[in-house]
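Everything below belongs to entry.pdb, which stores PDB, C-alpha atoms.
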```pdb
ATOM      1  CA  MET A 101      37.820 -14.160 -14.932
ATOM      2  CA  ARG A 102      35.992 -13.824 -11.597
ATOM      3  CA  ASN A 103      34.413 -10.554 -12.701
ATOM      4  CA  ARG A 104      33.325 -12.164 -15.953
ATOM      5  CA  VAL A 105      31.762 -15.149 -14.186
ATOM      6  CA  PHE A 106      30.007 -12.862 -11.700
ATOM      7  CA  PHE A 107      28.654 -10.687 -14.517
ATOM      8  CA  ILE A 108      27.327 -13.688 -16.460
ATOM      9  CA  ALA A 109      25.773 -15.261 -13.350
ATOM     10  CA  THR A 110      23.947 -12.095 -12.322
ATOM     11  CA  ARG A 111      22.756 -11.534 -15.879
ATOM     12  CA  VAL A 112      21.409 -15.087 -16.129
ATOM     13  CA  LEU A 113      19.609 -14.710 -12.802
ATOM     14  CA  ALA A 114      18.086 -11.384 -13.842
ATOM     15  CA  VAL A 115      16.857 -12.857 -17.144
ATOM     16  CA  ALA A 116      15.505 -15.973 -15.409
ATOM     17  CA  ILE A 117      13.573 -13.987 -12.796
ATOM     18  CA  SER A 118      12.161 -11.690 -15.483
ATOM     19  CA  ALA A 119      11.165 -14.692 -17.605
ATOM     20  CA  VAL A 120       9.334 -16.351 -14.710
ATOM     21  CA  PHE A 121       7.511 -13.097 -13.935
ATOM     22  CA  ILE A 122       6.470 -12.676 -17.572
ATOM     23  CA  LEU A 123       5.259 -16.290 -17.766
ATOM     24  CA  VAL A 124       3.143 -15.853 -14.634
ATOM     25  CA  ILE A 125       1.606 -12.637 -15.981
ATOM     26  CA  LEU A 126       0.907 -14.229 -19.374
ATOM     27  CA  TYR A 127      -0.709 -17.228 -17.690
ATOM     28  CA  LEU A 128      -2.948 -14.999 -15.573
ATOM     29  CA  LEU A 129      -3.846 -12.900 -18.617
ATOM     30  CA  TYR A 130      -4.802 -16.038 -20.552
ATOM     31  CA  LYS A 131      -6.903 -17.475 -17.738
ATOM     32  CA  GLY A 132      -8.417 -14.161 -16.742
ATOM     33  CA  PHE A 133      -9.564 -13.155 -20.218
ATOM     34  CA  LYS A 134     -10.717 -16.699 -20.928
ATOM     35  CA  TYR A 135     -13.174 -16.775 -18.052
ATOM     36  CA  PHE A 136     -14.104 -13.096 -17.894
ATOM     37  CA  SER A 137     -17.708 -12.167 -18.555
ATOM     38  CA  LEU A 138     -19.890  -9.186 -17.815
ATOM     39  CA  ASP A 139     -22.235 -11.359 -15.766
ATOM     40  CA  LEU A 140     -19.362 -12.564 -13.590
ATOM     41  CA  PHE A 141     -18.079  -9.018 -13.178
ATOM     42  CA  SER A 142     -21.421  -7.501 -12.216
ATOM     43  CA  SER A 143     -22.607 -10.340  -9.980
ATOM     44  CA  GLU A 144     -19.431 -11.292  -8.093
ATOM     45  CA  LEU A 145     -16.511  -8.936  -8.719
ATOM     46  CA  LEU A 146     -17.899  -5.407  -8.897
ATOM     47  CA  ALA A 147     -18.471  -5.167  -5.132
ATOM     48  CA  PRO A 148     -14.983  -6.473  -4.178
ATOM     49  CA  LEU A 149     -13.425  -4.129  -6.740
ATOM     50  CA  SER A 150     -15.223  -1.089  -5.318
ATOM     51  CA  GLY A 151     -14.227  -2.085  -1.785
ATOM     52  CA  THR A 152     -10.576  -2.494  -2.755
ATOM     53  CA  ILE A 153     -10.491   0.925  -4.438
ATOM     54  CA  ALA A 154     -12.089   2.554  -1.393
ATOM     55  CA  LEU A 155      -9.668   0.786   0.964
ATOM     56  CA  ILE A 156      -6.593   1.896  -1.015
ATOM     57  CA  PHE A 157      -7.792   5.484  -1.350
ATOM     58  CA  ILE A 158      -8.718   5.979   2.309
ATOM     59  CA  SER A 159      -5.607   4.222   3.640
ATOM     60  CA  VAL A 160      -3.216   6.302   1.534
ATOM     61  CA  ILE A 161      -5.101   9.532   2.339
ATOM     62  CA  ILE A 162      -4.658   8.780   6.059
ATOM     63  CA  ALA A 163      -1.053   7.552   5.893
ATOM     64  CA  LEU A 164       0.408  10.126   3.469
ATOM     65  CA  PRO A 165       0.197  13.296   5.615
ATOM     66  CA  LEU A 166       1.125  11.348   8.756
ATOM     67  CA  GLY A 167       4.150   9.799   7.024
ATOM     68  CA  ILE A 168       5.439  13.078   5.599
ATOM     69  CA  ALA A 169       4.877  14.917   8.887
ATOM     70  CA  SER A 170       6.692  12.154  10.791
ATOM     71  CA  ALA A 171       9.640  12.309   8.392
ATOM     72  CA  ILE A 172       9.844  16.110   8.708
ATOM     73  CA  TYR A 173       9.853  15.914  12.508
ATOM     74  CA  ILE A 174      12.467  13.152  12.616
ATOM     75  CA  GLU A 175      14.832  14.845  10.168
ATOM     76  CA  PHE A 176      14.498  18.492  11.201
ATOM     77  CA  TYR A 177      13.088  18.848  14.691
ATOM     78  CA  ALA A 178      13.662  15.731  16.792
ATOM     79  CA  PRO A 179      16.571  15.691  19.267
ATOM     80  CA  LYS A 180      19.283  13.180  18.480
ATOM     81  CA  ARG A 181      18.128  10.539  20.975
ATOM     82  CA  VAL A 182      14.500  10.896  19.985
ATOM     83  CA  LYS A 183      15.467  10.672  16.312
ATOM     84  CA  GLY A 184      17.335   7.421  16.910
ATOM     85  CA  PHE A 185      14.380   5.977  18.833
ATOM     86  CA  LEU A 186      11.853   6.978  16.149
ATOM     87  CA  ASP A 187      14.051   5.643  13.346
ATOM     88  CA  PHE A 188      14.278   2.328  15.156
ATOM     89  CA  SER A 189      10.525   2.316  15.845
ATOM     90  CA  PHE A 190       9.625   2.850  12.183
ATOM     91  CA  ASP A 191      12.066   0.113  11.139
ATOM     92  CA  ILE A 192      10.331  -2.259  13.552
ATOM     93  CA  LEU A 193       6.900  -1.149  12.334
ATOM     94  CA  ALA A 194       7.918  -1.857   8.724
ATOM     95  CA  SER A 195       8.829  -5.427   9.671
ATOM     96  CA  VAL A 196       5.632  -6.182  11.597
ATOM     97  CA  PRO A 197       3.645  -8.990   9.895
ATOM     98  CA  SER A 198       0.274  -7.919   8.600
ATOM     99  CA  ILE A 199      -1.533 -10.450  10.787
ATOM    100  CA  ILE A 200      -0.180  -8.615  13.876
ATOM    101  CA  MET A 201      -1.570  -5.342  12.566
ATOM    102  CA  GLY A 202      -4.847  -7.111  11.907
ATOM    103  CA  LEU A 203      -4.958  -8.373  15.497
ATOM    104  CA  PHE A 204      -4.189  -4.844  16.683
ATOM    105  CA  GLY A 205      -7.162  -3.510  14.718
ATOM    106  CA  PHE A 206      -9.328  -6.380  15.980
ATOM    107  CA  ALA A 207      -8.365  -5.567  19.586
ATOM    108  CA  ILE A 208      -9.391  -1.948  19.017
ATOM    109  CA  LEU A 209     -12.676  -3.177  17.553
ATOM    110  CA  LEU A 210     -13.369  -5.332  20.617
ATOM    111  CA  GLY A 211     -12.576  -2.433  22.942
ATOM    112  CA  LEU A 212     -14.831  -0.039  21.072
ATOM    113  CA  HIS A 213     -17.600  -2.651  20.890
ATOM    114  CA  ALA A 214     -17.424  -3.114  24.649
ATOM    115  CA  LEU A 215     -17.908   0.637  25.134
ATOM    116  CA  PHE A 216     -20.359   1.200  22.272
ATOM    117  CA  SER A 217     -22.306  -1.883  21.282
ATOM    118  CA  GLU A 218     -23.229  -0.417  17.898
ATOM    119  CA  VAL A 219     -19.574  -0.310  16.784
ATOM    120  CA  LYS A 220     -18.785  -3.169  14.394
ATOM    121  CA  SER A 221     -16.190  -4.068  11.789
ATOM    122  CA  SER A 222     -16.077  -1.414   9.090
ATOM    123  CA  LEU A 223     -14.270   0.043   6.116
ATOM    124  CA  LEU A 224     -12.943   2.893   8.280
ATOM    125  CA  LEU A 225     -11.371   0.575  10.862
ATOM    126  CA  ALA A 226      -9.820  -1.578   8.127
ATOM    127  CA  SER A 227      -8.457   1.534   6.394
ATOM    128  CA  LEU A 228      -6.933   2.827   9.634
ATOM    129  CA  SER A 229      -5.250  -0.535  10.240
ATOM    130  CA  VAL A 230      -3.880  -0.673   6.703
ATOM    131  CA  ALA A 231      -2.753   2.959   7.018
ATOM    132  CA  PHE A 232      -0.570   2.042   9.987
ATOM    133  CA  LEU A 233       0.740  -0.917   8.005
ATOM    134  CA  ILE A 234       1.887   1.296   5.116
ATOM    135  CA  LEU A 235       2.910   4.309   7.227
ATOM    136  CA  PRO A 236       6.598   3.284   7.573
ATOM    137  CA  TYR A 237       6.992   2.953   3.783
ATOM    138  CA  ILE A 238       5.971   6.562   3.257
ATOM    139  CA  THR A 239       7.947   7.832   6.247
ATOM    140  CA  LYS A 240      11.214   6.098   5.336
ATOM    141  CA  SER A 241      10.897   7.083   1.670
ATOM    142  CA  ALA A 242      10.358  10.725   2.643
ATOM    143  CA  GLN A 243      13.354  10.580   4.981
ATOM    144  CA  LEU A 244      15.566   9.293   2.177
ATOM    145  CA  GLY A 245      14.340  12.124  -0.019
ATOM    146  CA  PHE A 246      15.082  14.729   2.633
ATOM    147  CA  ARG A 247      18.589  13.355   3.138
ATOM    148  CA  ASP A 248      19.280  13.460  -0.603
ATOM    149  CA  VAL A 249      18.873  17.235  -0.694
ATOM    150  CA  LEU A 250      22.381  18.632  -1.109
ATOM    151  CA  PRO A 251      23.648  20.536   1.968
ATOM    152  CA  ILE A 252      24.570  23.439  -0.305
ATOM    153  CA  TYR A 253      20.896  24.012  -1.114
ATOM    154  CA  LYS A 254      20.085  24.153   2.588
ATOM    155  CA  SER A 255      22.987  26.555   3.169
ATOM    156  CA  ILE A 256      21.827  28.812   0.338
ATOM    157  CA  GLY A 257      18.303  28.851   1.759
ATOM    158  CA  TYR A 258      19.485  29.841   5.205
ATOM    159  CA  SER A 259      21.903  32.428   3.777
ATOM    160  CA  LEU A 260      18.988  34.093   1.983
ATOM    161  CA  GLY A 261      17.153  34.436   5.262
ATOM    162  CA  ALA A 262      14.736  31.510   4.902
ATOM    163  CA  THR A 263      13.311  30.028   8.079
ATOM    164  CA  LYS A 264      13.366  26.301   8.662
ATOM    165  CA  GLU A 265       9.694  26.074   7.694
ATOM    166  CA  GLN A 266      10.313  27.972   4.439
ATOM    167  CA  LEU A 267      13.341  25.786   3.678
ATOM    168  CA  ILE A 268      11.269  22.630   4.115
ATOM    169  CA  LYS A 269       8.392  23.964   2.017
ATOM    170  CA  LYS A 270      10.356  25.604  -0.826
ATOM    171  CA  ILE A 271      13.444  23.393  -1.136
ATOM    172  CA  VAL A 272      13.275  20.088   0.727
ATOM    173  CA  LEU A 273       9.771  18.905  -0.175
ATOM    174  CA  PRO A 274      10.073  19.689  -3.932
ATOM    175  CA  PHE A 275      13.395  17.825  -4.107
ATOM    176  CA  ALA A 276      12.026  14.867  -2.141
ATOM    177  CA  LYS A 277       8.800  14.396  -4.118
ATOM    178  CA  GLU A 278      10.194  11.528  -6.219
ATOM    179  CA  HIS A 279      11.139   9.571  -3.103
ATOM    180  CA  ILE A 280       7.738  10.304  -1.572
ATOM    181  CA  LEU A 281       6.083   9.044  -4.738
ATOM    182  CA  LYS A 282       8.036   5.785  -4.481
ATOM    183  CA  GLY A 283       6.767   5.378  -0.941
ATOM    184  CA  VAL A 284       3.196   5.955  -2.109
ATOM    185  CA  LEU A 285       3.626   3.385  -4.890
ATOM    186  CA  LEU A 286       4.864   0.801  -2.407
ATOM    187  CA  SER A 287       1.961   1.686  -0.125
ATOM    188  CA  VAL A 288      -0.591   1.233  -2.895
ATOM    189  CA  ALA A 289       0.842  -2.178  -3.737
ATOM    190  CA  ARG A 290       0.781  -3.237  -0.076
ATOM    191  CA  ALA A 291      -2.696  -1.889   0.616
ATOM    192  CA  SER A 292      -4.199  -3.532  -2.462
ATOM    193  CA  GLU A 293      -2.977  -7.051  -1.671
ATOM    194  CA  ASP A 294      -3.269  -7.379   2.079
ATOM    195  CA  THR A 295      -5.781  -9.914   3.372
ATOM    196  CA  ALA A 296      -4.953 -10.555   7.027
ATOM    197  CA  VAL A 297      -5.653  -6.998   8.195
ATOM    198  CA  ILE A 298      -8.965  -6.505   6.444
ATOM    199  CA  MET A 299     -10.139 -10.028   7.307
ATOM    200  CA  LEU A 300     -10.045  -9.123  11.010
ATOM    201  CA  THR A 301     -11.286  -5.546  10.808
ATOM    202  CA  GLY A 302     -13.921  -5.022   8.151
ATOM    203  CA  VAL A 303     -14.197  -7.306   5.148
ATOM    204  CA  VAL A 304     -17.194  -9.647   4.823
ATOM    205  CA  ALA A 305     -17.908 -12.202   2.132
ATOM    206  CA  SER A 306     -20.826 -11.373  -0.179
ATOM    207  CA  TYR A 307     -21.672  -8.116   1.584
ATOM    208  CA  GLY A 308     -22.306  -6.011  -1.506
ATOM    209  CA  MET A 309     -21.245  -2.594  -2.710
ATOM    210  CA  VAL A 310     -19.569  -0.100  -0.398
ATOM    211  CA  ASP A 311     -22.280   1.927   1.326
ATOM    212  CA  GLY A 312     -20.474   3.808   4.093
ATOM    213  CA  LEU A 313     -17.303   4.159   6.138
ATOM    214  CA  LEU A 314     -18.877   2.503   9.171
ATOM    215  CA  LYS A 315     -20.165  -0.530   7.277
ATOM    216  CA  PRO A 316     -18.420  -3.775   6.285
ATOM    217  CA  PHE A 317     -17.238  -4.177   2.712
ATOM    218  CA  GLU A 318     -15.864  -6.663   0.200
ATOM    219  CA  ALA A 319     -12.347  -6.701  -1.257
ATOM    220  CA  LEU A 320     -10.601  -8.588  -4.028
ATOM    221  CA  PRO A 321      -7.808 -10.122  -1.864
ATOM    222  CA  PHE A 322     -10.361 -11.601   0.529
ATOM    223  CA  PHE A 323     -12.549 -12.751  -2.364
ATOM    224  CA  ILE A 324      -9.553 -14.654  -3.791
ATOM    225  CA  TYR A 325      -8.725 -16.175  -0.396
ATOM    226  CA  TYR A 326     -12.306 -17.067   0.521
ATOM    227  CA  THR A 327     -13.228 -18.493  -2.882
ATOM    228  CA  SER A 328     -10.058 -20.592  -3.170
ATOM    229  CA  ALA A 329     -10.786 -22.106   0.248
ATOM    230  CA  ASN A 330     -14.510 -22.699  -0.251
ATOM    231  CA  TYR A 331     -15.191 -23.122  -3.975
ATOM    232  CA  ALA A 332     -17.762 -25.770  -4.864
ATOM    233  CA  SER A 333     -17.406 -25.905  -8.638
ATOM    234  CA  GLY A 334     -14.945 -25.245 -11.417
ATOM    235  CA  GLN A 335     -16.882 -22.132 -12.389
ATOM    236  CA  GLU A 336     -16.352 -20.611  -8.940
ATOM    237  CA  PHE A 337     -12.648 -21.455  -9.075
ATOM    238  CA  ASN A 338     -12.335 -19.852 -12.511
ATOM    239  CA  ALA A 339     -13.590 -16.604 -11.009
ATOM    240  CA  ILE A 340     -10.364 -16.507  -8.973
ATOM    241  CA  TYR A 341      -8.299 -16.017 -12.136
ATOM    242  CA  VAL A 342     -10.449 -13.067 -13.145
ATOM    243  CA  ALA A 343     -10.219 -11.573  -9.642
ATOM    244  CA  VAL A 344      -6.422 -11.938  -9.620
ATOM    245  CA  LEU A 345      -6.192 -10.281 -13.019
ATOM    246  CA  MET A 346      -8.430  -7.428 -11.863
ATOM    247  CA  LEU A 347      -6.355  -6.931  -8.706
ATOM    248  CA  LEU A 348      -3.125  -6.783 -10.710
ATOM    249  CA  GLY A 349      -4.729  -4.469 -13.242
ATOM    250  CA  LEU A 350      -6.008  -2.174 -10.482
ATOM    251  CA  SER A 351      -2.578  -1.892  -8.828
ATOM    252  CA  PHE A 352      -0.889  -1.372 -12.191
ATOM    253  CA  SER A 353      -3.404   1.304 -13.222
ATOM    254  CA  ILE A 354      -3.035   3.248  -9.963
ATOM    255  CA  ILE A 355       0.762   3.128 -10.229
ATOM    256  CA  LEU A 356       0.659   4.389 -13.819
ATOM    257  CA  LEU A 357      -1.770   7.141 -12.822
ATOM    258  CA  LEU A 358       0.409   8.295  -9.944
ATOM    259  CA  ARG A 359       3.568   8.253 -12.046
ATOM    260  CA  GLY A 360       1.782  10.136 -14.819
ATOM    261  CA  LYS A 361       0.554  12.802 -12.410
ATOM    262  CA  PHE A 362       4.068  13.106 -11.013
ATOM    263  CA  TRP A 363       5.891  13.453 -14.353
ATOM    264  CA  LEU A 364       3.325  15.882 -15.769
ATOM    265  CA  ARG A 365       3.988  18.381 -13.002
TER     266      ARG A 365
END
```

Once more with this new file: its structure as structure tokens, please.
Amino acid sequence: MRNRVFFIATRVLAVAISAVFILVILYLLYKGFKYFSLDLFSSELLAPLSGTIALIFISVIIALPLGIASAIYIEFYAPKRVKGFLDFSFDILASVPSIIMGLFGFAILLGLHALFSEVKSSLLLASLSVAFLILPYITKSAQLGFRDVLPIYKSIGYSLGATKEQLIKKIVLPFAKEHILKGVLLSVARASEDTAVIMLTGVVASYGMVDGLLKPFEALPFFIYYTSANYASGQEFNAIYVAVLMLLGLSFSIILLLRGKFWLR
């Protein structure tokens, strides 16, 4: 009887959560398509969309090799004490609120500005800050993938005369690619929605299209935040629904693209 009650309760909760999620998505689809127009897209949303795409791309490009390299060092090269310390450090880094990472990037900006007065908030600084925010997701996902490789495969590799580097390249990384992909997907979702970090390091309202790594930029999360706090008319508020829909669509499209690239290999 207890098992039956537990099964029914968990099933009801799963259905309820799914229903709420579907209702929210349907509501945003209705509002977004209702107020969408080419004029609104070209005049207000094209620049934030381009900035968000650039931010996601640069952040993941920076964090991906660093995350995989960190995971390889921790799992295969680090001494036991160092491994424990690094594991703990990445767990702490994963739990750091985004506003703290934003303040960290802002502190770096102030230091650089004091040394070089021409240094200002920029897409590059925001991307670096977001890269450190998503770094633990990629690292921990890669570690889980490395640990899932059966010991027998490692033993076979060594018995055939493979070096540790060859074992990592030929056996461990191919087996861990699904876990690494999951880390990248989580990173894309986190990078696309974060506001606190970019607000302190590079994003500017109504700046325009992206025109360089060392220039400020616009982004959809900040557009949603700024417009919802400062809208002066119903038309401006309606643009928020379109921006939210575009942000969800962008994240969903990137995730589908990454999964498609992965499964087609």

- Task: Taking the file as shown, find all residues satisfying the PyMOL selection byres ((chain A and resi 295-303) around 9) and write them as a ChimeraX atom specification.
- Result: /A:151,198-206,209,220-227,229-230,233,292-294,304-305,307,315-322,325

- Item | Polymer residues at most 12 Å from stretch 144-150 of chain A, all atoms listed in the file, same-chain spacing of 4 or more positions, as a PyMOL selection string | chain A and resi 136-140+154-157+223+292-293+303-312+316-324+326-327+335-336+338-351

Could the residues in this selection be saved with C-alpha atoms as a CSV table (one decimal), in the coordinates of the input?
```
chain,number,residue,atom,x,y,z
A,136,PHE,CA,-14.1,-13.1,-17.9
A,137,SER,CA,-17.7,-12.2,-18.6
A,138,LEU,CA,-19.9,-9.2,-17.8
A,139,ASP,CA,-22.2,-11.4,-15.8
A,140,LEU,CA,-19.4,-12.6,-13.6
A,154,ALA,CA,-12.1,2.6,-1.4
A,155,LEU,CA,-9.7,0.8,1.0
A,156,ILE,CA,-6.6,1.9,-1.0
A,157,PHE,CA,-7.8,5.5,-1.4
A,223,LEU,CA,-14.3,0.0,6.1
A,292,SER,CA,-4.2,-3.5,-2.5
A,293,GLU,CA,-3.0,-7.1,-1.7
A,303,VAL,CA,-14.2,-7.3,5.1
A,304,VAL,CA,-17.2,-9.6,4.8
A,305,ALA,CA,-17.9,-12.2,2.1
A,306,SER,CA,-20.8,-11.4,-0.2
A,307,TYR,CA,-21.7,-8.1,1.6
A,308,GLY,CA,-22.3,-6.0,-1.5
A,309,MET,CA,-21.2,-2.6,-2.7
A,310,VAL,CA,-19.6,-0.1,-0.4
A,311,ASP,CA,-22.3,1.9,1.3
A,312,GLY,CA,-20.5,3.8,4.1
A,316,PRO,CA,-18.4,-3.8,6.3
A,317,PHE,CA,-17.2,-4.2,2.7
A,318,GLU,CA,-15.9,-6.7,0.2
A,319,ALA,CA,-12.3,-6.7,-1.3
A,320,LEU,CA,-10.6,-8.6,-4.0
A,321,PRO,CA,-7.8,-10.1,-1.9
A,322,PHE,CA,-10.4,-11.6,0.5
A,323,PHE,CA,-12.5,-12.8,-2.4
A,324,ILE,CA,-9.6,-14.7,-3.8
A,326,TYR,CA,-12.3,-17.1,0.5
A,327,THR,CA,-13.2,-18.5,-2.9
A,335,GLN,CA,-16.9,-22.1,-12.4
A,336,GLU,CA,-16.4,-20.6,-8.9
A,338,ASN,CA,-12.3,-19.9,-12.5
A,339,ALA,CA,-13.6,-16.6,-11.0
A,340,ILE,CA,-10.4,-16.5,-9.0
A,341,TYR,CA,-8.3,-16.0,-12.1
A,342,VAL,CA,-10.4,-13.1,-13.1
A,343,ALA,CA,-10.2,-11.6,-9.6
A,344,VAL,CA,-6.4,-11.9,-9.6
A,345,LEU,CA,-6.2,-10.3,-13.0
A,346,MET,CA,-8.4,-7.4,-11.9
A,347,LEU,CA,-6.4,-6.9,-8.7
A,348,LEU,CA,-3.1,-6.8,-10.7
A,349,GLY,CA,-4.7,-4.5,-13.2
A,350,LEU,CA,-6.0,-2.2,-10.5
A,351,SER,CA,-2.6,-1.9,-8.8
```

- Looking at all atoms listed in the file, which of A:Ser333, A:Leu228, A:Leu313, A:Lys270 is the one that sits closest to A:Ile161?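 For A:Ile161, the nearest of the candidates is A:Leu228.
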
- Point-to-point distance from atom CA of A:Leu128 to atom CA of A:Ala329, Å rounded to tenths: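 Atom-to-atom, atom CA of A:Leu128 to atom CA of A:Ala329, that is 19.0 Å.
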
Find the axis-aligned box for stretch 328-341 of chain A, covering all its listed atoms and adding 5 Å on each side, and write its centre and edge lengths in Å to one decimal as AutoDock Vina command-line options.
```
--center_x -13.0 --center_y -21.0 --center_z -6.1 --size_x 19.5 --size_y 19.9 --size_z 22.8
```

- Have a look at atom CA of A:Pro179 and atom CA of A:Gly257 and let me know their distance in Å, one decimal.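 Calculated distance between atom CA of A:Pro179 and atom CA of A:Gly257 is 22.0 Å.
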
- Message: For A:Ala231, find every residue with an atom within 8 Å (counting all atoms listed in the file), except residues of its own chain fewer than 3 positions away, and show them as a list in words.
- Response: Ser159, Val160, Ile162, Ala163, Ser227, Leu228, Ile234 and Leu235 of chain A

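Atom CA of A:Asp191 is positioned 13.2 Å from atom CA of A:Ser170.
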
- Test item: residues at most 9 Å from A:Phe176, all atoms listed in the file, excluding those fewer than 3 positions along its chain, as a PyMOL selection string: chain A and resi 171-173+179+264+268

May I have the selected residues written with C-alpha atoms, as a PDB file, keeping the file's coordinate frame?
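After the write, out19.pdb holds the following:
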```pdb
ATOM      1  CA  ALA A 171       9.640  12.309   8.392  1.00  0.00           C
ATOM      2  CA  ILE A 172       9.844  16.110   8.708  1.00  0.00           C
ATOM      3  CA  TYR A 173       9.853  15.914  12.508  1.00  0.00           C
ATOM      4  CA  PRO A 179      16.571  15.691  19.267  1.00  0.00           C
ATOM      5  CA  LYS A 264      13.366  26.301   8.662  1.00  0.00           C
ATOM      6  CA  ILE A 268      11.269  22.630   4.115  1.00  0.00           C
TER       7      ILE A 268
END
```

- Message: With the PyMOL selection byres ((chain A and resi 281) around 9) as the selection, what would be picked from this file? Answer as a list in words, please.
- Response: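 This file gives the following for the PyMOL selection byres ((chain A and resi 281) around 9): Ile238, Ser241, Ala242, Ala276, Lys277, Glu278, His279, Ile280, Lys282, Gly283, Val284, Leu285, Leu286, Leu358, Arg359 and Phe362 of chain A.
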
- Query: If I put a ball of radius 12 Å at (12.4, 5.6, 16.8) in the file's coordinates, which residues poke into it when counting all atoms listed in the file, written as a list in words?
  - Reply: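 Residues lying no farther than 12 Å from the given point: Ser170, Ala171, Tyr173, Ile174, Glu175, Ala178, Pro179, Lys180, Arg181, Val182, Lys183, Gly184, Phe185, Leu186, Asp187, Phe188, Ser189, Phe190, Asp191, Ile192, Leu193, Ala194, Pro236, Thr239 and Lys240 of chain A.
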